[in-house]
Every structure is written in C-alpha cells, then in structure tokens.
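What follows is one structure encoded as structure tokens, with my remarks underneath.
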Amino acid sequence: MSVKLYLRKQEFTIDDVIDLTVAKALKQLDLIPEAYLVIRSGEMITEHELIREGDVLKIIPVVSGGNE
C-alpha cells in the first residue's frame with residue numbers, strides 16, 4: 001500500500017512505507033525536513049514519526065522572517 005503527500009497543489013505518492021519516517025519521506029521529495037511541517041489527521045507530526053500505510057499527509061512550508 002502507499003501514502004499520499006500533498007504540498008500546495010501537488011500530490012505525491014510513496015509506495016514503500018516500511019520504516020518510513022517523515023524525514024525520510026521529505027528527503028525522497030528533495031525537501032529539507034526542517035523547512036516543513038507535516039499534518040496527519042489534523043495534527044502535526046514530527047520528522048521522526050513513522051508513516052503508516054494509507055496515510056494522507058499535508059506538507060506545509062514554514063515561513064519565517066521579520067525585523068532584525
């Protein structure tokens with residue numbers, strides 16, 4: 001089975017979820033784990049969390065900035 005990840009209007013599918021963490025999934029998509037939040041079922045999950053078969057994850061870029 002696979003997992004689906006959504007970033008903005010793009011959909012990604014990863015088929016091999018054995019021992020797949022959030023960090024590994026983001027790296028497979030050439031994304032830096034520290035630059036994104038990942039949401040599963042309305043809750044944020046950490047980069048060390050295991051992804052389960054059938055998960056649907058939303059990837060949200062972290063935006064920072066402000067005054068010096």
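By convention here, the chains of the structure tokens are called A, B, ... in the order presented, each chain's residues are numbered starting at 1, and ligands are numbered starting at 1 in the order presented.
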
Quick one: everything within 9 Å of Val17 (chain A), counting only C-alpha atoms, minus sequence neighbours fewer than 5 positions away in the same chain. Send it as a compact mmCIF listing (two decimals) with all heavy atoms, in the first residue's frame.
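File produced: out05.txt:
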# COMPACT_ATOMS: atom_id res chain seq x y z
N MET A 1 0.85 -1.18 0.00
CA MET A 1 0.00 0.00 0.00
C MET A 1 0.89 1.24 0.00
O MET A 1 2.08 1.15 0.25
CB MET A 1 -0.92 -0.02 1.21
CG MET A 1 -2.09 0.86 1.08
SD MET A 1 -3.32 0.42 2.33
CE MET A 1 -4.59 1.50 1.83
N SER A 2 0.33 2.39 -0.19
CA SER A 2 1.12 3.60 -0.33
C SER A 2 0.60 4.71 0.59
O SER A 2 -0.41 4.55 1.26
CB SER A 2 1.08 4.08 -1.78
OG SER A 2 -0.25 4.38 -2.16
N VAL A 3 1.32 5.83 0.58
CA VAL A 3 0.90 7.03 1.29
C VAL A 3 0.82 8.16 0.28
O VAL A 3 1.53 8.16 -0.72
CB VAL A 3 1.84 7.41 2.45
CG1 VAL A 3 1.85 6.33 3.50
CG2 VAL A 3 3.23 7.70 1.97
N ALA A 25 10.66 10.60 4.12
CA ALA A 25 9.70 10.91 3.06
C ALA A 25 9.99 12.27 2.44
O ALA A 25 9.99 12.43 1.22
CB ALA A 25 8.28 10.85 3.60
N LEU A 50 6.89 7.61 12.42
CA LEU A 50 6.73 6.64 11.33
C LEU A 50 5.44 6.93 10.56
O LEU A 50 4.41 7.25 11.16
CB LEU A 50 6.69 5.22 11.87
CG LEU A 50 8.02 4.62 12.29
CD1 LEU A 50 7.81 3.26 12.95
CD2 LEU A 50 8.97 4.50 11.11
N ILE A 51 5.53 6.80 9.26
CA ILE A 51 4.37 6.95 8.40
C ILE A 51 3.74 5.58 8.23
O ILE A 51 4.43 4.59 8.03
CB ILE A 51 4.79 7.55 7.04
CG1 ILE A 51 5.31 8.97 7.25
CG2 ILE A 51 3.62 7.54 6.07
CD1 ILE A 51 5.87 9.60 6.01
N ARG A 52 2.41 5.54 8.31
CA ARG A 52 1.68 4.28 8.21
C ARG A 52 1.06 4.13 6.83
O ARG A 52 0.73 5.13 6.17
CB ARG A 52 0.59 4.23 9.27
CG ARG A 52 1.13 4.37 10.69
CD ARG A 52 0.02 4.29 11.71
NE ARG A 52 -0.94 5.37 11.58
CZ ARG A 52 -1.11 6.34 12.46
NH1 ARG A 52 -0.38 6.38 13.54
NH2 ARG A 52 -2.03 7.27 12.27
N GLU A 53 0.88 2.90 6.40
CA GLU A 53 0.23 2.64 5.12
C GLU A 53 -1.14 3.30 5.10
O GLU A 53 -1.88 3.27 6.07
CB GLU A 53 0.08 1.13 4.91
CG GLU A 53 1.39 0.44 4.63
CD GLU A 53 1.19 -1.02 4.27
OE1 GLU A 53 0.06 -1.45 4.00
OE2 GLU A 53 2.20 -1.73 4.27

task = Could you pull out the residues in chain A that DSSP calls helix (DSSP H, G or I) from the backbone, as a list in words?
result =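 Listing helix (DSSP H, G or I) positions across chain A yields Val22, Ala23, Lys24, Ala25, Leu26, Lys27, Gln28, Pro33, Glu34 and Ala35 of chain A.
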
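Shortest atom-to-atom contact with Met44 (chain A) among A:Leu57, A:Ile32, A:Ile18, A:Lys9: A:Leu57, counting only C-alpha atoms.
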
task = Output as a ChimeraX atom specification all residues of chain A that backbone DSSP marks as strand (DSSP E or B).
result = /A:3-7,10-14,21,36-40,43-45,50,56-61

key: For Gly42 (chain A): contacts at 12 Å, only C-alpha atoms, fewer than 6 positions along chain excluded, given as a PyMOL selection string   = chain A and resi 55-59

note = re CA of Ile14 (chain A) and CA of Gly54 (chain A): distance 10.1 Å

Pairwise distance for CA of Leu37 (chain A) and CA of Ile60 (chain A), rounded to one decimal in Å =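 Taking CA of Leu37 (chain A) and CA of Ile60 (chain A), their separation equals 5.1 Å.
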
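The smallest atom-to-atom distance between Pro61 (chain A) and any of A:Glu11, A:Glu49, A:Glu43, A:Glu34, using only C-alpha atoms, is found for A:Glu34.
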